[in-house]
Every structure is written in structure tokens, then in C-alpha cells.
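Asks: Let me begin by handing over the structure; questions about it come next.
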Amino acid sequence: MNAGLATRRLGEKRTALQFYREVLDRGLSFRPEEQVRMINLLASLHTSLGEHDKAEAEIARALGMAREIGLEEEQADLLVNQAVLDYARDRFPQALVHLEEARQLAGEDPERRLRIEFNMGTLLQEQQQPGQAWIYFDKAQDLARRHDLPHRLPLILGNMARIRQQEGQHGEAAALAQEALEFCRRYDSDNTWVRETCQEILKDDHPQDSDPFPLAETLIRSHGMVAVSENMRRIIREIEALAGSELPVMVIGETGTGKELVARALHSAGVRATAPFVPVNCPAIPEGLFESTLFGHVKGAFTGATEDRKGLVELAEKGSLFLDEIGDMPLSIQPKLLRFLETGEFSPMGSAKTRYSSARIISATNRDPAELVANGAFRKDLLMRISAFRIDLPPLQDRREDIYFIAVSELDRLNRRWGKRLEFSAEALQVLNQYGFPGNVRELKNAVARGAQVARREIRPQDMGLVSPSSTECPPLEGKAWPVVPLEEGKSLEETVRELEIRLIRNALQIRAGDRELAARDLGLSFRALKYKISKYGIRSRKQRGRSGGESEKEANP
């Protein structure tokens with residue numbers, strides 16, 4: 001085994017392949033999982049040598065063994081290699097399906113999950129879809145940071161830097177490239193591609209960057225989608241990347257997190273914006289009417305069908321069909337939806353004729369899709385098709401920086417609608433900052449609407465029906481109290497966000513005596529995101545400001 005591994009590392013793939021083949025042919029006593037892994041290595045070598053038929057046969061053989069004895073993690077590794085082979089054979093949709101299936105089988109091993117996300121990103125980047133590739137590289141780097149796998153970061157960050165450079169966001173590209181090189185030096189990585197790519201990016205001199213989130217302000221204006229926190233900025237990036245795709249998207253999040261808002265943003269930010277957006281509330285449709293509602297019916301199809309009627313799939317032609325709470329879809333309808341997803345074809349009830357619709361499916365659920373499959377409430381093959389891409393919406397607790405702006409934005413909307421000039425009291429802002437909001441954004445907006453109904457000038461906590469901070473289930477966040485920054489007349493939300501971000505960053509750096517890693521943790525940002533914002537806003541440490549001189553004591557102590 002060691003000799004085979006050594007020759008493989010030296011690039012002598014043919015020698016390694018012959019060695020593994022000889023070991024397997026001798027029939028030595030290996031444990032089943034070891035045998036599956038060796039066959040997987042054989043398949044990888046055949047793929048790299050361009051022997052695709054042999055690779056496919058080996059993967060099929062190993063998959064059969066792994067499934068027979070229930071080796072799910074080994075199945076995940078084999079499916080990743082199958083995806084690589086699919087791509088080599090120009091079978092891109094199958095590659096995505098196999099990677100998604102691998103994700104379902106990967107278990108909790110972070111390194112295995114990271115490999116799947118990285119391969120997904122690589123496939124999409126090779127297909128000239130950098131925005132969608134970014135999503136998966138971002139997930140991979142998040143896994144690497146959270147699970148102490150920093151040796152994986154140089155290649156991930158190098159790819160992310162190249163994407164940002166292609167998009168013209170040179171400042172963020174340079175920050176990513178610099179970080180990738182730092183990890184290369186720290187872990188003695190000899191990845192020539194990373195070093196050459198990152199050094200080339202750093203040669204570009206682009207001191208001023210445009211806003212790296214150009215879609216955020218548009219979504220704020222058109223949908224009221226506030227994205228101040230890093231968690232929501234990530235969602236904005238995902239929306240921007242997926243808006244132009246034809247593939248289905250599944251939005252997963254707790255009740256009240258804004259899943260339909262995300263679906264509408266996906267629709268309106270892409271080429272389908274002028275076509276219909278058709279929402280479907282799955283739990284509200286009786287099982288007996290589900291097929292007719294989705295696919296339509298012809299006259300006489302059932303009692304009461306007095307005329308032909310188009311279904312929602314047909315009404316959403318060239319647009320988007322949003323299936324809300326898809327976990328409540330009856331099992332009897334799921335095979336028909338699967339057929340539509342695979343072919344675009346469907347048949348109205350009572351008709352033998354096949355019709356076609358190019359509607360894109362966007363679905364949502366507040367339940368764990370894997371649990372739905374495990375409980376027998378949802379077909380596994382349908383889940384793999386309908387979640388080609390998924391967006392995981394964070395609960396409001398995990399994006400607390402957004403609460404103030406959601407509340408202010410909602411109150412501003414209500415003031416315009418009702419002709420009022422209401423403001424939040426300081427106590428109300430404190431309660432909003434510290435309240436748990438188990439009902440998420442929906443509960444927050446309902447509380448603001450309730451307060452706006454009864455208040456005269458200022459909205460108080462009791463007007464909103466919220467308890468005082470001392471008795472909330474969410475304790476005060478040390479060092480994270482909001483500065484009271486009302487929206488000034490003539491000042492945009494973007495300008496207000498910028499001012500607030502600068503204040504919060506300076507405050508966090510002051511509390512942590514300039515330690516950026518601790519400050520990033522307090523602010524709920526990644527270290528990279530904080531470095532980017534410090535550079536973007538030109539924020540200097542107290543020592544730097546002191547050395548520059550000519551500044552007042554007030555300016556030196558924000």
C-alpha cells in the first residue's frame with residue numbers, strides 16, 4: 001500500500017495503478033471498507049489517465065459493495081469521484097446530482113463535507129459560473145475555519161480571490177489573495193498554482209473598489225430585504241449568483257425568516273423578472289385538488305370539472321413557481337413533480353396529451369429535508385432534484401445587526417402609508433436589541449406594526465407588546481449595544497449603514513484593545529470580512545491616529 005501511495009504522489013500514476021490492481025487481484029484479506037477505498041483509488045487513477053470506461057466500471061463495482069454493506073461515507077467518496085468523471089465526460093447535470101447525493105451521505109465528517117463543497121465550486125467555476133461557484137467555495141472555507149482545517153484554506157481562498165478578480169472587485173480579491181499566501185507560508189504549502197495566481201492578483205493596483213454587494217441596495221429598495229449582517233450579505237451573494245440559473249433552488253429556514261422574500265428576490269434579480277412569479281402554499285391545498293392545482297385539468301376530468309383549466313405550472317411559464325412548505329406536498333404528487341423537473345413536461349388531469357413549461361421551481365421548507373426523507377414523507381430522488389442549489393436562511397438571532405434596520409425600515413414604510421411621523425423611544429430600541437424574537441422577522445415586523453397602531457409620537461416597548469430587557473430570554477450582548485442612529489432626512493439607508501458599521505467596528509476594536517480576531521468575533525464577522533471593512537472604510541487604530549498627529553482628543557477616542 002505504501003509503495004503504491006508513494007509512486008502515486010510522485011506522479012507515476014500508471015505504476016501506482018498496476019500496483020493496486022496486483023494487490024486486489026491477489027485476493028489478500030482486507031476489510032471491506034479498505035477494499036472499497038482501494039477500488040476508489042483505482043477509479044481515480046483511471047480517470048486521471050483518461051480511461052473513463054474503466055473508471056466508471058470500478059466506481060460502479062465499489063458502489064455496489066459499499067451499498068451492500070451500508071458504508072455511507074465511502075459511498076459519498078465514490079460519488080464525488082463519479083461527479084469528477086461525469087464532468088470529464090461532459091455530463092455536467094449528472095455531476096451536480098452525484099455531488100448532491102454525496103452531500104446527503106457524507107455524515108458529519110467536516111473534511112469530507114469540505115471536499116464535496118470544494119468540488120461543487122470547482123465544477124461550477126470550470127463551467128464559467130463564477131457567482132455560483134463562489135457559494136460553494138464560501139461554504140468550504142467556512143467549514144475549514146470552523147473545524148480547524150486551515151491547511152485546506154490556501155486553495156479555497158485562491159479560487160475565491162480569482163472569482164473576485166474576474167468580477168472586478170479587486171480590493172476583496174487582493175485581501176483574499178494575501179490571506180491565501182499567509183496560509184501557504186504558515187503551513188509550508190507548496191501549491192504552485194495558489195502562489196502564482198495570488199501573486200499575480202496582488203500585482204494589480206486598484207486602490208478604490210466599488211461596493212462588493214451591488215445587489216443589496218436594490219433588494220432593500222424593491223423588497224425591503226435588509227442585509228447589514230455578514231450572514232445576510234452572504235445570502236445576497238447567493239441570490240445574485242443563482243438569480244440567472246435555470247436550476248431549482250430550495251430555501252430552508254425557520255418560520256418567519258423571509259423565505260418567500262428570498263424567492264421573490266431570486267425571481268426579480270434574474271432574466272425572469274418580467275414573467276410571472278406564482279406562489280403556492282402547499283399546506284393550504286387539499287390532497288385531492290393538488291394535481292389539478294399544479295398541472296390543471298380538462299373538462300370532465302372529475303365531478304365539477306365543467307371546463308378546461310390551466311394549472312399553476314403552466315401559468316408560471318417562463319417565470320418562477322414558488323412551492324412554499326414543500327414538505328407538506330402529498331407523496332402521490334411527488335413523482336409527477338419529479339418528471340416535470342427532469343423533462344419540463346406534464347399532463348393535465350384527464351388528458352393524455354403532454355404539455356411543456358419552462359417555469360423554474362423555487363421551493364421552501366421550515367423542516368430538515370433529510371428528516372422528511374428519513375420519515376418517508378418525501379422522496380429522496382425528488383429532494384436531490386429540487387435542491388440542486390439550497391439557501392439556508394439564518395434565524396433573526398444569528399443576524400442581530402439587522403434588527404435595528406429592519407425595524408426602522410418597517411416603521412418608515414408604515415409612517416408613509418398612514419401619514420404619521422413616529423419614532424422609537426430609546427427604551428424601545430434597547431428592548432428590540434435584546435429581545436429573542438423566536439418568531440423571527442415576521443414577529444419583529446408585527447411588533448412594529450402593533451406599536452405604530454397605538455403610539456402617538458414615540459413607540460414604547462409596551463406599545464409593541466414586548467417584555468422589558470431584564471425579563472427576555474435573550475440576555476444583553478456585552479459590548480454590542482446599538483448606537484441610536486435614526487435615519488436622517490436626505491440620507492440614504494446605505495449611508496446610515498456605513499456610519500453605523502464604522503462606529504461598531506471602532507467600538508469593538510477599542511473594547512478588544514485592537515485585537516482584530518476578538519473584535520471580529522464580537523461583531524459576528526469573519527476575520528477576513530472585518531479586515532476588508534477596515535480597509536474599505538479607512539479605519540485606523542488609536543496608535544496609528546496618535547502617530548499621525550493633528551487630531552483632537554475626541555477623534556482619537558471614538
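Naming works like this for the C-alpha cells: A, B, ... for the chains as they're shown, residue 1 at the start of each chain, ligands 1 onward in shown order.
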Going by DSSP on the backbone, which bits of stretch 311-364 of chain A are strand (DSSP E or B)? Write them as a ChimeraX atom specification, please.
Replies: /A:320-324,345-346,349,355-356,360-364
Asks: So which residues of stretch 11-165 of chain A fall under helix (DSSP H, G or I) by DSSP, listed as a PyMOL selection string?
Replies: chain A and resi 13-25+32-48+52-68+72-88+92-105+110-126+130-146+150-165
Asks: Extract, using only C-alpha atoms, all DNA, RNA and protein residues at most 12 Å from A:Gly376, discarding same-chain residues fewer than 6 positions from it, and format them as a PyMOL selection string.
Replies: chain A and resi 327-328+330-331+369-370+383
Asks: Find the residues near A:Ala161: any atom within 8 Å, counting only C-alpha atoms, skip ones fewer than 5 places away on the same chain, and give them as a list of chain:residue names.
Replies: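 Here the answer would be A:Glu172, A:Ala173, A:Ala174, A:Ala175, A:Leu176, A:Ala177, A:Cys198, A:Ile201.
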Asks: Can I get the selection written as a PDB file, in the first residue's frame, with N, CA and C atoms?
Replies:
ATOM      1  N   GLU A 172     -11.271  43.241  -2.639  1.00  0.00           N
ATOM      2  CA  GLU A 172     -11.560  41.987  -1.939  1.00  0.00           C
ATOM      3  C   GLU A 172     -10.707  40.859  -2.499  1.00  0.00           C
ATOM      4  N   ALA A 173     -10.457  40.871  -3.815  1.00  0.00           N
ATOM      5  CA  ALA A 173      -9.588  39.843  -4.416  1.00  0.00           C
ATOM      6  C   ALA A 173      -8.199  39.904  -3.793  1.00  0.00           C
ATOM      7  N   ALA A 174      -7.671  41.118  -3.615  1.00  0.00           N
ATOM      8  CA  ALA A 174      -6.337  41.279  -3.033  1.00  0.00           C
ATOM      9  C   ALA A 174      -6.305  40.794  -1.583  1.00  0.00           C
ATOM     10  N   ALA A 175      -7.364  41.112  -0.814  1.00  0.00           N
ATOM     11  CA  ALA A 175      -7.424  40.670   0.586  1.00  0.00           C
ATOM     12  C   ALA A 175      -7.441  39.145   0.670  1.00  0.00           C
ATOM     13  N   LEU A 176      -8.214  38.500  -0.216  1.00  0.00           N
ATOM     14  CA  LEU A 176      -8.277  37.039  -0.231  1.00  0.00           C
ATOM     15  C   LEU A 176      -6.940  36.431  -0.660  1.00  0.00           C
ATOM     16  N   ALA A 177      -6.329  37.042  -1.682  1.00  0.00           N
ATOM     17  CA  ALA A 177      -5.045  36.535  -2.165  1.00  0.00           C
ATOM     18  C   ALA A 177      -3.974  36.640  -1.087  1.00  0.00           C
ATOM     19  N   CYS A 198      -2.151  34.100  -6.768  1.00  0.00           N
ATOM     20  CA  CYS A 198      -2.312  35.159  -5.769  1.00  0.00           C
ATOM     21  C   CYS A 198      -1.297  36.280  -5.955  1.00  0.00           C
ATOM     22  N   ILE A 201      -2.547  38.451  -8.724  1.00  0.00           N
ATOM     23  CA  ILE A 201      -3.653  39.312  -8.288  1.00  0.00           C
ATOM     24  C   ILE A 201      -3.120  40.516  -7.513  1.00  0.00           C
TER      25      ILE A 201
END
Asks: Expressed in Å to a single decimal, how great is the separation between atom CA of A:Leu71 and atom CA of A:Glu33?
Replies: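 Atom CA of A:Glu33 lies at a distance of 7.3 Å from atom CA of A:Leu71.
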Asks: Quick one: everything within 9 Å of A:Pro279, counting only C-alpha atoms, minus sequence neighbours fewer than 4 positions away in the same chain. Send it as a CSV table (one decimal) with C-alpha atoms, in the first residue's frame.
Replies:
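File produced: around.csv:
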chain,number,residue,atom,x,y,z
A,260,GLU,CA,-40.8,33.9,0.2
A,312,LEU,CA,-50.0,26.9,-11.8
A,320,SER,CA,-41.0,31.1,-11.4
A,321,LEU,CA,-43.2,28.7,-9.4
A,322,PHE,CA,-42.7,29.1,-5.7
A,323,LEU,CA,-43.7,26.0,-3.7
A,324,ASP,CA,-43.9,27.1,-0.1
Asks: Taking only C-alpha atoms into account, name the residue in A:Arg503, A:Ala520, A:Leu422, A:Arg37 that is nearest to A:Tyr537.
Replies: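 Of all the options, A:Arg503 lies closest to A:Tyr537.
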Asks: Ranking A:His52, A:Arg498, A:Arg309, A:His147 by minimum distance to A:Glu108 and counting only C-alpha atoms, which one comes first?
Replies: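 The closest residue to A:Glu108 is A:His147.
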Asks: Closest to A:Arg400 among A:Glu314, A:Glu342, A:Glu230, A:Asp308, using only C-alpha atoms?
Replies: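 Nearest candidate to A:Arg400 out of A:Glu314, A:Glu342, A:Glu230, A:Asp308: A:Glu230.
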Asks: Write out as a VMD selection string the residues lying within 9 Å of A:Trp134, counting only C-alpha atoms and excluding same-chain residues fewer than 5 positions away.
Replies: chain A and resid 121 124 to 125 129 139 159 to 160 163 to 164 237 to 238 241
Asks: List the spatial neighbours of A:Tyr136 as a VMD selection string - criterion: any atom at most 12 Å away, only C-alpha atoms, same-chain residues fewer than 3 positions off excluded.
Replies: chain A and resid 99 to 100 113 to 125 129 to 133 139 to 143 156 to 157 159 to 160 234 237 to 238 241 to 242 389 to 391
Asks: Using only C-alpha atoms, which of the listed residues (A:Leu149, A:Leu444, A:Pro348, A:Leu509) sits closest to A:Tyr187?
Replies: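 Closest residue, counting only C-alpha atoms: A:Leu149.
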Asks: What's the separation between atom CA of A:Leu500 and atom CA of A:Glu443, in Å to one decimal place?
Replies: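 Those two atoms sit 24.1 Å apart.
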Asks: Determine the nearest neighbour of A:Ile534 from the options A:Pro461, A:Gly350, A:Pro110, A:Gly171, counting only C-alpha atoms.
Replies: A:Gly171
Asks: Go through A:Arg460, A:Arg512, A:Lys445, A:His46 one by one, measure the shortest atom-to-atom distance of each to A:Glu423 using only C-alpha atoms, and give the residue with the smallest value.
Replies: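 Using only C-alpha atoms, the shortest distance to A:Glu423 belongs to A:Arg460.
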